[in-house]
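Enquirer: Have a look at this one.
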Amino acid sequence: MQAFILDFEKPILELEKKIKEMQDYAATEGIELDDEIARLQEKSRKLQEDVYAKLTRWQRVQLARHPQRPYTLDYIERIVDDWVELHGDRAFGDDPAIVAGMGTMGGEKMMIIGHQKGRDTRQKLYRNFGMAHPEGYRKALRVMKLAAKFNRPILTLVDTPGAYPGIGAEERGQAEAIARNLFEMTKLPVPIIVVIIGEGASGGALGIGIGDRVLMMENTWYSVISPEGCATILYKDAGKASIAAEALQLAADDLLKQGVIDVIVREPIGGAHRDFDAAAEMLKEAVLKELAPLQQKDAATLVAERIKKYENMGFYENYSRQSA
Amino acid sequence: MVWFKRKSQGLVPQKKKDMPELWVKCPGCGEIVYKRELERNSNVCTNCGHHFRIKADGYVNLLLEPDSVQEFNEEIAPKDFLKFKAKKRYSEQIKAAIKKTGQKDALISVTGTLAGREVVLCVMNFEYIGGSMGSVVGEKIALAADVAMEKKCPLLIVSMSGGARMMEGAVSLMQMAKTSAKLAQLSDAGLPYISILTDPTTGGVSASYAMLGDVNIAEPGALIGFAGARVIKQTIGEDLPEGFQRAEFLLEHGFLDLICPRPEMKEQINRILDFMCADSPSSKELKNGSVEANKLTEAKISPPVDTDKN
């Protein structure tokens with residue numbers, strides 16, 4: 001596949017190309033260029049540090065949507081053993097926009113659920129661009145209850161541009177499906193870890209996003225509405241999405257400050273799409289680290305703390321919540 | 001007479017007068033209805049059954065005995081913690097909404113009695129930034145659930161909202177999680193939660209507490225759905241079927257227990273709560289046809305709009 005390059009990635013990739021050329025040249029011609037190469041590599045490292053240290057929120061959104069970014073199954077392939085995918089909501093059908101299954105990660109057996117986007121056109125259509133229908137949320141809930149029955153923790157990977165807005169989705173109760181998941185996930189007696197791995201758009205993301213620990217990868221976004229949707233409402237112009245992204249404060253460090261997420265998971269320099277294996281390892285490490293303390297807790301404590309966690313979310317004037 | 005000669009004949013068309021306050025035109029059937037009569041019928045058109053949008057206190061008076069009503073947490077106000085900048089600042093919008101509605105945010109919570117039985121009632125107000133749900137709405141619902149659990153009484157929420165409040169970003173999204181979590185807690189305590197869906201109930205509110213009632217009741221014709229009609233139309237590129245996302249559509253597809261005209265709402269809820277909780281003396285009275293009950297059922301709801309009339 002042809003590389004997809006974002007504007008701010010260009011100078012870095014050009015420099016890398018130059019280094020590669022020089023290395024090839026040195027090898028084939030037998031010329032000593034080590035000093036020069038080292039100098040360029042240092043320059044490249046500095047440039048990357050520079051660019052990625054001050055990414056705007058809109059640039060984070062672009063990275064979150066990068067067409068070469070790893071998706072749920074890319075991670076599962078790399079960090080999950082004995083994967084058995086489970087299908088269907090037992091009521092209407094199977095939704096390919098959400099994948100679910102059992103597997104082992106770092107020796108821990110867990111139920112894994114995630115939105116799934118497609119890579120090429122055919123796959124994109126098959127996965128409906130990662131936009132789930134009600135049956136997707138109901139499948140997710142069904143397997144989560146299965147996890148609860150067999151006392152296994154749950155990991156959900158969130159990456160969706162939103163729950164699908166269509167006639168069928170409304171007929172089958174998109175609102176009810178999401179609401180039911182929020183309600184039921186609150187009560188699940190096993191640890192739940194949520195990781196935003198790409199896009200976290202509104203109710204479509206939250207529908208599998210209630211957890212004891214909510215993690216967000218570095219180059220992702222999570223909000224109540226997409227920047228385009230927000231721009232359409234504010235300016236009647238979806239093209240002003242970059243402004244809306246700033247207003248919504250939807251990047252990982254924003255959400256950490258707002259108390260919506262607990263942990264930011266670092267990505268390889270340049271973003272997860274530059275190195276799938278490294279990104280997957282970083283994700284795995286972060287999940288296992290958060291899971292360990294949760295597994296020490298009994299079900300009642302888990303649920304009580306989960307409710308408390310969400311109770312504490314909010315900002316008010318003339319009032320502060322008293323912890324009961 | 002040709003129009004350009006009218007003036008010379010001294011026939012000046014009368015300036016269109018504003019309709020006197022006493023009368024209102026029904027958007028459902030186009031009839032001019034007498035306002036007093038409309039009010040007597042809980043703001044439901046006596047001709048076609050169209051439900052006029054009413055204010056939050058309208059529902060309080062409709063469902064609870066007025067003397068019993070006590071509002072709580074009315075002081076909790078919203079905060080522009082993101083310093084949300086658009087054409088209008090969120091802080092300005094808050095100020096304007098408070099001035100317009102006299103409420104600090106889009107939901108009021110009260111305790112009171114419904115046919116003698118103590119309940120906690122929350123009512124949304126669409127006039128306050130589209131009835132949108134931000135931190136304050138979420139917090140007041142959470143606290144209302146706490147009060148219901150403390151008093152061991154039912155919780156009723158009247159929804160009327162465009163969804164989550166964009167100006168509070170992801171925190172407003174989390175109010176869906178928060179309210180649903182509290183309802184799960186309430187449910188585990190074995191207490192009833194009745195969701196009353198009115199026009200409109202969409203977005204994050206429909207995808208959280210509005211859909212989670214032990215019993216979901218809607219007013220006739222109310223717009224209820226997850227995604228906005230405009231968004232769906234844009235996505236699928238075709239027109240939407242008639243009656244799409246109306247209460248009747250949701251009933252047909254299995255997401256509502258019943259559709260109930262406003263004048264009968266109290267009586268129906270009382271029957272449902274009677275089933276769910278221990279009897280209270282006056283609730284029996286209402287069920288057996290006391291004066292009040294008769295008054296409530298008096299209003300007639302005629303079938304949908306007679307289009308020939310227009």
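By convention in this document, the chains of the structure tokens carry letters A, B, ... by their order, each chain's residues are numbered from 1, and ligands are numbered from 1 in the order they are shown.
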Show which residues sit within 8 Å of B:Leu183, as a list of chain:residue names. Count only C-alpha atoms, and ignore same-chain residues fewer than 4 positions away.

Expert: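 The residues satisfying every condition are A:Phe183, B:Ala145, B:Thr179, B:Ser187, B:Tyr193, B:Tyr209, B:Leu212.
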
Enquirer: For the selection you just gave me, I'd like the residues written to a file as a short mmCIF file (atom, residue, chain, number, x, y, z; two decimals), in the first residue's frame, keeping all heavy atoms.

Expert:
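This is the output file result.cif:
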```cif
data_model
loop_
_atom_site.label_atom_id
_atom_site.label_comp_id
_atom_site.auth_asym_id
_atom_site.auth_seq_id
_atom_site.Cartn_x
_atom_site.Cartn_y
_atom_site.Cartn_z
N PHE A 183 -25.46 0.80 31.51
CA PHE A 183 -26.14 0.31 32.71
C PHE A 183 -25.54 -1.03 33.15
O PHE A 183 -25.18 -1.21 34.31
CB PHE A 183 -27.63 0.15 32.33
CG PHE A 183 -28.54 -0.28 33.44
CD1 PHE A 183 -29.17 0.67 34.23
CD2 PHE A 183 -28.85 -1.62 33.66
CE1 PHE A 183 -30.07 0.29 35.23
CE2 PHE A 183 -29.74 -2.00 34.65
CZ PHE A 183 -30.35 -1.05 35.44
N ALA B 145 -31.20 10.11 42.45
CA ALA B 145 -31.20 8.66 42.67
C ALA B 145 -30.82 8.35 44.12
O ALA B 145 -31.40 7.46 44.75
CB ALA B 145 -30.23 7.98 41.70
N THR B 179 -25.06 8.83 34.96
CA THR B 179 -26.49 8.64 35.24
C THR B 179 -26.88 7.16 35.12
O THR B 179 -27.65 6.65 35.93
CB THR B 179 -27.35 9.49 34.29
OG1 THR B 179 -26.98 9.21 32.93
CG2 THR B 179 -27.17 10.97 34.54
N SER B 187 -31.61 0.38 40.61
CA SER B 187 -32.27 -0.85 40.20
C SER B 187 -31.90 -2.00 41.13
O SER B 187 -32.75 -2.81 41.51
CB SER B 187 -31.86 -1.16 38.75
OG SER B 187 -32.41 -2.37 38.35
N TYR B 193 -37.93 2.83 38.58
CA TYR B 193 -37.55 4.01 37.83
C TYR B 193 -38.45 4.08 36.59
O TYR B 193 -38.45 3.17 35.76
CB TYR B 193 -36.07 3.98 37.45
CG TYR B 193 -35.72 4.95 36.33
CD1 TYR B 193 -36.13 6.29 36.38
CD2 TYR B 193 -34.99 4.54 35.22
CE1 TYR B 193 -35.85 7.17 35.36
CE2 TYR B 193 -34.70 5.43 34.19
CZ TYR B 193 -35.13 6.74 34.26
OH TYR B 193 -34.85 7.61 33.24
N TYR B 209 -30.19 7.61 30.37
CA TYR B 209 -31.30 7.37 31.30
C TYR B 209 -32.69 7.29 30.67
O TYR B 209 -33.53 6.57 31.17
CB TYR B 209 -31.28 8.38 32.45
CG TYR B 209 -31.25 9.84 32.07
CD1 TYR B 209 -32.40 10.53 31.82
CD2 TYR B 209 -30.04 10.52 31.97
CE1 TYR B 209 -32.38 11.88 31.49
CE2 TYR B 209 -30.00 11.86 31.64
CZ TYR B 209 -31.17 12.54 31.40
OH TYR B 209 -31.14 13.86 31.07
N LEU B 212 -33.71 3.75 29.91
CA LEU B 212 -33.41 2.74 30.92
C LEU B 212 -34.51 2.55 31.96
O LEU B 212 -34.28 1.93 32.99
CB LEU B 212 -32.09 3.09 31.62
CG LEU B 212 -30.83 2.96 30.73
CD1 LEU B 212 -29.61 3.49 31.45
CD2 LEU B 212 -30.61 1.51 30.31
#
```

Enquirer: Output the contact residues of chain A with respect to chain B at a cut-off of 6 Å, based on only C-alpha atoms, as a list in words.

Expert: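 Here is what falls inside 6 Å: Pro165, Gly166, Ala175, Glu176, Ile178, Ala179, Leu182, Phe183, Thr186, Ser223, Val224, Ala247, Leu248, Ile307, Tyr310, Glu311, Gly314, Phe315, Tyr316, Glu317 and Tyr319 of chain A.
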
Enquirer: Determine which residues of stretch 59-195 of chain A DSSP labels as strand (DSSP E or B) from the backbone of this structure, then write them out as a PyMOL selection string.

Expert: chain A and resi 81-86+98-105+108-115+154-160+192-195

Enquirer: Would you please work out which residue, of A:Arg39, A:Arg57, A:Lys284, A:Arg306, is nearest to A:Gly107 when using only C-alpha atoms?

Expert: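 Using only C-alpha atoms, A:Gly107 sits closest to A:Lys284.
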
Enquirer: Which neighbours of A:Phe4 fall inside 8 Å, counting only C-alpha atoms, when residues of the same chain fewer than 3 positions from it are skipped, and could you give them as a count of residues only?

Expert: 3

Enquirer: Give me, please, the distance in Å between atom CA of B:Pro263 and atom CA of B:Asn43, quoted to one decimal.

Expert: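 Taking atom CA of B:Pro263 and atom CA of B:Asn43, their separation equals 8.8 Å.
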
Enquirer: Using only C-alpha atoms, which residue out of A:Leu55, A:Ile31, A:Ala38, A:Val214 lies closest to A:Ile19?

Expert: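 Among the listed residues, the smallest separation from A:Ile19 belongs to A:Ala38.
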
Enquirer: Smallest atom-to-atom distance to B:Leu114: which of B:Val215, B:Ala278, B:Cys45, B:Val69, using only C-alpha atoms?

Expert: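 Among the listed residues, B:Val69 lies closest to B:Leu114.
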
Enquirer: Measuring atom to atom with only C-alpha atoms, identify which of B:Asn216, B:Asn125, B:Gln93, B:Asn270 is nearest to B:Ile54.

Expert: B:Asn125

Enquirer: Please, what distance in Å, to one decimal, runs between atom CA of A:Ala100 and atom CA of A:Ala140?

Expert: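 Calculated distance between atom CA of A:Ala100 and atom CA of A:Ala140 is 6.6 Å.
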
Enquirer: Where does DSSP see alpha helix (DSSP H) in stretch 86-238 of chain A, if you list the residues as JSON, numbers by chain?

Expert: {"A": [121, 122, 123, 124, 125, 126, 134, 135, 136, 137, 138, 139, 140, 141, 142, 143, 144, 145, 146, 147, 148, 149, 167, 168, 169, 170, 171, 174, 175, 176, 177, 178, 179, 180, 181, 182, 183, 184, 185, 186, 187, 202, 203, 204, 205, 206, 227, 228, 229, 230, 231, 232, 233, 234, 235]}

Enquirer: Just give me the gap between atom CA of A:Gly101 and atom CA of A:Leu63 in Å, one decimal is fine.

Expert: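 Separation of atom CA of A:Gly101 and atom CA of A:Leu63: 27.0 Å.
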
Enquirer: List as a list in words the protein and nucleic acid residues near A:Glu290, meaning an atom at most 12 Å away when only C-alpha atoms are counted, but skip any in the same chain fewer than 5 places from it.

Expert: Pro153, Leu155, Pro191, Ile192, Ile193, Val194, Val195, Gly211, Asp212, Arg213, Val214, Leu215, Asp262, Val263, Ile264, Val265, Leu283, Lys284, Glu285, Gln295 and Gln296 of chain A
